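Reviewing the structure listed below.
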Amino acid sequence: MEPLTVVFICAGLIGLYALRTRVGIPSSHSILPFQGGLLYRRGCPVREVGPGRHRVFVGREKIIFLDKRPMQVNVERRGVTLADGATAVYGFTASAEVRDVRKALYSSANYTQLPGFVTLCVTRTVLNRSQSSQIRYAQPALTEEIVNACRSRLAEAGFELLSFRFSHLVVAAPPPAN
Amino acid sequence: MNGQIYGAIFSVACLVITIIITIRLRRTRAIFITDYQAGVRFRAGGQGEVLPAGSYFSTPGQDFITVVDTRPYPLLLERVNCQDMLHANFLISIGAELVVRDPGLAFSSSKAYIDDAMGVVRERLSLAGSRSIVDPSSEGRARMAAEISSELNRALETRGLEIRKLEITELWAQPLRQSIATGAN
């Protein structure tokens, strides 16, 4: 082999290796039917990718994917003070799923924590503003208020609330006497 | 004949050089930083340089790149007992988002910067509560949330972190007469 050819081959190999983050190495990435992904090129989002096989240039591109299956939130025996000073004990079961991959990905450092966080915040806020009588006699209205608030906040973060149900909600202690 | 020998020696030298360079390059690690992350590169013992989104090389032993997630971390603190300015006992729960504001500072200030910040928030929440007067009305809650946010952000500023969207999810103040009686006992 001619020395010049060897020089070119060697220089090409070194260049290709050194510039692998600029050029990228052709590869492919499979996304499962229950996943959704976002393709990033040079660190910036390019487009959403659905289930299937996608060609990526490793080093230059990356697919960040997340699980779109429903996520369960189970909360058991938590106490909250009501507006009249009584204490209510509650527990609930909720489920949510990712609807907008991009929004969900940016909503939290760990997107799976978000439905739990939102449902807990909203439930506690609504119950804290309620009276003992509402807990005893108007639970469906309270549940509806919580569902509506959770639904809108989760929608902003790219999720959809699938279900919300109190497993128990009782007034545990009467308000303290003044 | 001599030309052929020199050519062969040159080719072998080129191959050896290629192998050496490739081995050196193999030690480098490619790091991909997305737009919701920030890279912090430490080189030659200097201060961390913040890298924007993109692809980077890191050579172990020469420079070190760490990736910091700048997306919000949900934070929940439930049923924290405090005393307000009038020494009335009250109970507070909060929900907020913890965000990395300065990735270099956050990474340098603590190894587990998020976990450590939770402790700071809990401690400062009581302090912030003691500087306010509890008012359970919606305006009072909003005012108190703003006061707590600014107090927490003062404490977290030196750690490169920030509290956002703080909401008071539970607030209950013991009636003052009862608080005084409890204090007297």
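Chain labels A, B, ... are given in the sequence in which chains occur in the structure tokens; within each chain residues are numbered consecutively from 1, and ligands are likewise numbered from 1 in the order shown.
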For this session: Select from chain B everything DSSP, run on the backbone, classes as helix (DSSP H, G or I), then give the selection as a PyMOL selection string.
Result: chain B and resi 2-27+103-109+113-130+138-157+176-184
Chain A near chain B within 8 Å: what's each residue's closest atom pair and its distance in Å to one decimal, counting only C-alpha atoms, ordered by chain then ascending residue number, as CSV?
```
residue,atom,partner,partner_atom,distance
A:Glu2,CA,B:Gly7,CA,7.3
A:Pro3,CA,B:Gly7,CA,5.6
A:Val6,CA,B:Ser11,CA,5.9
A:Val7,CA,B:Cys14,CA,6.4
A:Cys10,CA,B:Thr18,CA,5.8
A:Ala11,CA,B:Thr18,CA,7.6
A:Leu13,CA,B:Thr18,CA,7.7
A:Ile14,CA,B:Thr22,CA,6.5
A:Tyr17,CA,B:Thr22,CA,7.3
A:Ala18,CA,B:Leu25,CA,6.9
A:Thr21,CA,B:Ser55,CA,5.9
A:Arg22,CA,B:Ser55,CA,7.6
A:Tyr40,CA,B:Thr34,CA,7.1
A:Arg41,CA,B:Gly54,CA,7.9
A:Arg42,CA,B:Gly54,CA,4.4
A:Gly43,CA,B:Thr34,CA,3.9
A:Cys44,CA,B:Asp35,CA,5.6
A:Pro45,CA,B:Asp35,CA,7.7
A:Gly59,CA,B:Ser55,CA,6.6
A:Arg60,CA,B:Ser55,CA,6.5
A:Lys62,CA,B:Phe32,CA,7.9
A:Val80,CA,B:Glu170,CA,7.3
A:Thr81,CA,B:Trp172,CA,6.6
A:Leu82,CA,B:Trp172,CA,7.8
A:Ala83,CA,B:Trp172,CA,7.4
A:Gly85,CA,B:Trp172,CA,7.0
A:Tyr106,CA,B:Arg71,CA,6.3
A:Ser107,CA,B:Pro72,CA,6.9
A:Ser108,CA,B:Pro72,CA,4.9
A:Ala109,CA,B:Arg71,CA,5.0
A:Asn110,CA,B:Tyr73,CA,7.5
A:Gln113,CA,B:Pro74,CA,7.6
A:Leu114,CA,B:Pro74,CA,7.2
A:Phe117,CA,B:Pro74,CA,6.7
A:Cys121,CA,B:Thr169,CA,6.0
A:Val122,CA,B:Thr169,CA,7.4
A:Arg124,CA,B:Thr169,CA,5.6
A:Thr125,CA,B:Thr169,CA,4.3
A:Asn128,CA,B:Glu170,CA,5.5
A:Asn178,CA,B:Gln178,CA,6.9
```
Could you pull the residues within 12 Å of Val120 (chain B), counting only C-alpha atoms, minus those fewer than 3 positions along the same chain, as JSON, numbers by chain? {"B": [77, 98, 113, 114, 115, 116, 117, 123, 124, 125, 126, 127, 128, 151, 152, 153, 154, 155, 156, 157, 158, 159, 161, 162, 163]}
Keeping only C-alpha atoms, write those residues as a compact mmCIF listing (two decimals), in the first residue's frame.
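Everything below was put into selection_38.txt:
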```txt
# COMPACT_ATOMS: atom_id res chain seq x y z
CA LEU B 77 -43.59 19.27 53.74
CA LEU B 98 -37.14 23.27 44.11
CA TYR B 113 -27.73 19.18 47.09
CA ILE B 114 -31.43 18.35 46.73
CA ASP B 115 -31.64 16.17 49.85
CA ASP B 116 -29.69 18.71 51.88
CA ALA B 117 -31.93 21.51 50.67
CA GLU B 123 -35.52 24.36 59.34
CA ARG B 124 -36.18 27.73 57.70
CA LEU B 125 -39.90 27.12 57.47
CA SER B 126 -40.20 27.29 61.25
CA LEU B 127 -38.07 30.44 61.29
CA ALA B 128 -40.16 32.08 58.58
CA GLU B 151 -37.04 33.57 53.49
CA LEU B 152 -36.33 30.14 51.97
CA ASN B 153 -34.76 31.67 48.87
CA ARG B 154 -32.44 33.75 51.06
CA ALA B 155 -31.24 30.53 52.70
CA LEU B 156 -30.99 28.60 49.44
CA GLU B 157 -29.27 31.37 47.48
CA THR B 158 -25.85 30.38 48.78
CA ARG B 159 -26.52 26.82 47.62
CA LEU B 161 -31.07 26.66 44.54
CA GLU B 162 -34.42 28.39 44.46
CA ILE B 163 -37.97 27.74 45.65
```
Separating CA of Ala146 (chain B) from CA of Val134 (chain B), to the nearest tenth of an Å, is a gap of 13.0 Å
Near-Glu156 (chain A) list (10 Å; only C-alpha atoms; drop same-chain fewer than 6 positions) as a list of chain:residue names: A:Asp100, A:Lys103, A:Ala104, A:Ser107, A:Cys150
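You will find CA of Asp63 (chain B) at 14.6 Å from CA of Gly104 (chain B).
Interatomic distance, CA of Thr66 (chain B) against CA of Leu32 (chain A): 29.5 Å.
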List every residue of chain A that DSSP, applied to the backbone of this structure, assigns to strand (DSSP E or B), and report them as a PyMOL selection string.
-> chain A and resi 25-31+35-41+44-49+52-58+61-67+71-81+87-98+159-173
Mind dumping the selected residues with C-alpha atoms as an mmCIF file, in the first residue's frame?
```cif
data_model
loop_
_atom_site.group_PDB
_atom_site.id
_atom_site.type_symbol
_atom_site.label_atom_id
_atom_site.label_comp_id
_atom_site.auth_asym_id
_atom_site.auth_seq_id
_atom_site.Cartn_x
_atom_site.Cartn_y
_atom_site.Cartn_z
ATOM 1 C CA ILE A 25 -22.278 7.139 14.958
ATOM 2 C CA PRO A 26 -25.295 5.717 13.093
ATOM 3 C CA SER A 27 -27.399 3.545 15.331
ATOM 4 C CA SER A 28 -31.054 2.861 16.028
ATOM 5 C CA HIS A 29 -33.316 3.006 19.030
ATOM 6 C CA SER A 30 -36.547 1.091 19.527
ATOM 7 C CA ILE A 31 -39.457 2.640 21.359
ATOM 8 C CA GLN A 35 -43.512 4.585 25.434
ATOM 9 C CA GLY A 36 -43.164 8.028 23.944
ATOM 10 C CA GLY A 37 -39.952 9.823 23.204
ATOM 11 C CA LEU A 38 -38.398 13.125 22.325
ATOM 12 C CA LEU A 39 -35.495 13.283 19.891
ATOM 13 C CA TYR A 40 -32.720 15.684 20.894
ATOM 14 C CA ARG A 41 -30.064 16.936 18.497
ATOM 15 C CA CYS A 44 -32.117 20.661 21.765
ATOM 16 C CA PRO A 45 -35.485 18.960 21.214
ATOM 17 C CA VAL A 46 -36.202 18.305 17.532
ATOM 18 C CA ARG A 47 -39.390 16.261 17.429
ATOM 19 C CA GLU A 48 -41.533 13.752 19.267
ATOM 20 C CA VAL A 49 -41.118 10.121 18.286
ATOM 21 C CA GLY A 52 -41.109 1.922 16.499
ATOM 22 C CA ARG A 53 -37.506 1.895 15.416
ATOM 23 C CA HIS A 54 -35.777 5.236 14.972
ATOM 24 C CA ARG A 55 -32.400 5.997 13.454
ATOM 25 C CA VAL A 56 -30.169 8.143 15.643
ATOM 26 C CA PHE A 57 -26.603 9.384 15.317
ATOM 27 C CA VAL A 58 -25.188 8.524 18.726
ATOM 28 C CA GLU A 61 -28.575 12.790 18.843
ATOM 29 C CA LYS A 62 -30.350 11.145 21.707
ATOM 30 C CA ILE A 63 -33.877 9.920 22.334
ATOM 31 C CA ILE A 64 -35.243 10.546 25.807
ATOM 32 C CA PHE A 65 -38.254 8.339 26.307
ATOM 33 C CA LEU A 66 -40.862 7.979 28.982
ATOM 34 C CA ASP A 67 -43.449 5.450 29.958
ATOM 35 C CA MET A 71 -49.402 5.550 37.043
ATOM 36 C CA GLN A 72 -51.071 4.752 40.349
ATOM 37 C CA VAL A 73 -51.030 6.997 43.382
ATOM 38 C CA ASN A 74 -52.001 5.397 46.681
ATOM 39 C CA VAL A 75 -52.156 7.495 49.809
ATOM 40 C CA GLU A 76 -53.139 5.927 53.113
ATOM 41 C CA ARG A 77 -54.183 7.408 56.435
ATOM 42 C CA ARG A 78 -53.059 11.001 56.299
ATOM 43 C CA GLY A 79 -54.317 13.623 58.673
ATOM 44 C CA VAL A 80 -55.403 17.125 57.772
ATOM 45 C CA THR A 81 -56.814 19.944 59.857
ATOM 46 C CA THR A 87 -58.980 16.712 62.082
ATOM 47 C CA ALA A 88 -59.895 14.531 59.131
ATOM 48 C CA VAL A 89 -58.137 11.335 58.178
ATOM 49 C CA TYR A 90 -58.068 10.561 54.505
ATOM 50 C CA GLY A 91 -56.682 8.152 51.990
ATOM 51 C CA PHE A 92 -57.128 8.046 48.247
ATOM 52 C CA THR A 93 -56.305 6.185 45.085
ATOM 53 C CA ALA A 94 -55.684 8.024 41.850
ATOM 54 C CA SER A 95 -54.248 7.233 38.461
ATOM 55 C CA ALA A 96 -52.856 9.399 35.707
ATOM 56 C CA GLU A 97 -51.066 8.906 32.429
ATOM 57 C CA VAL A 98 -48.778 10.933 30.185
ATOM 58 C CA PHE A 159 -50.793 14.401 32.169
ATOM 59 C CA GLU A 160 -54.383 13.257 32.233
ATOM 60 C CA LEU A 161 -56.115 12.286 35.431
ATOM 61 C CA LEU A 162 -57.834 8.945 34.822
ATOM 62 C CA SER A 163 -59.400 8.350 38.206
ATOM 63 C CA PHE A 164 -59.578 9.689 41.730
ATOM 64 C CA ARG A 165 -61.355 8.025 44.619
ATOM 65 C CA PHE A 166 -61.211 8.460 48.390
ATOM 66 C CA SER A 167 -60.494 5.105 50.004
ATOM 67 C CA HIS A 168 -61.496 6.699 53.300
ATOM 68 C CA LEU A 169 -62.330 10.160 54.516
ATOM 69 C CA VAL A 170 -63.581 10.608 58.063
ATOM 70 C CA VAL A 171 -63.582 13.303 60.695
ATOM 71 C CA ALA A 172 -61.342 11.806 63.347
ATOM 72 C CA ALA A 173 -61.310 14.499 66.021
#
```
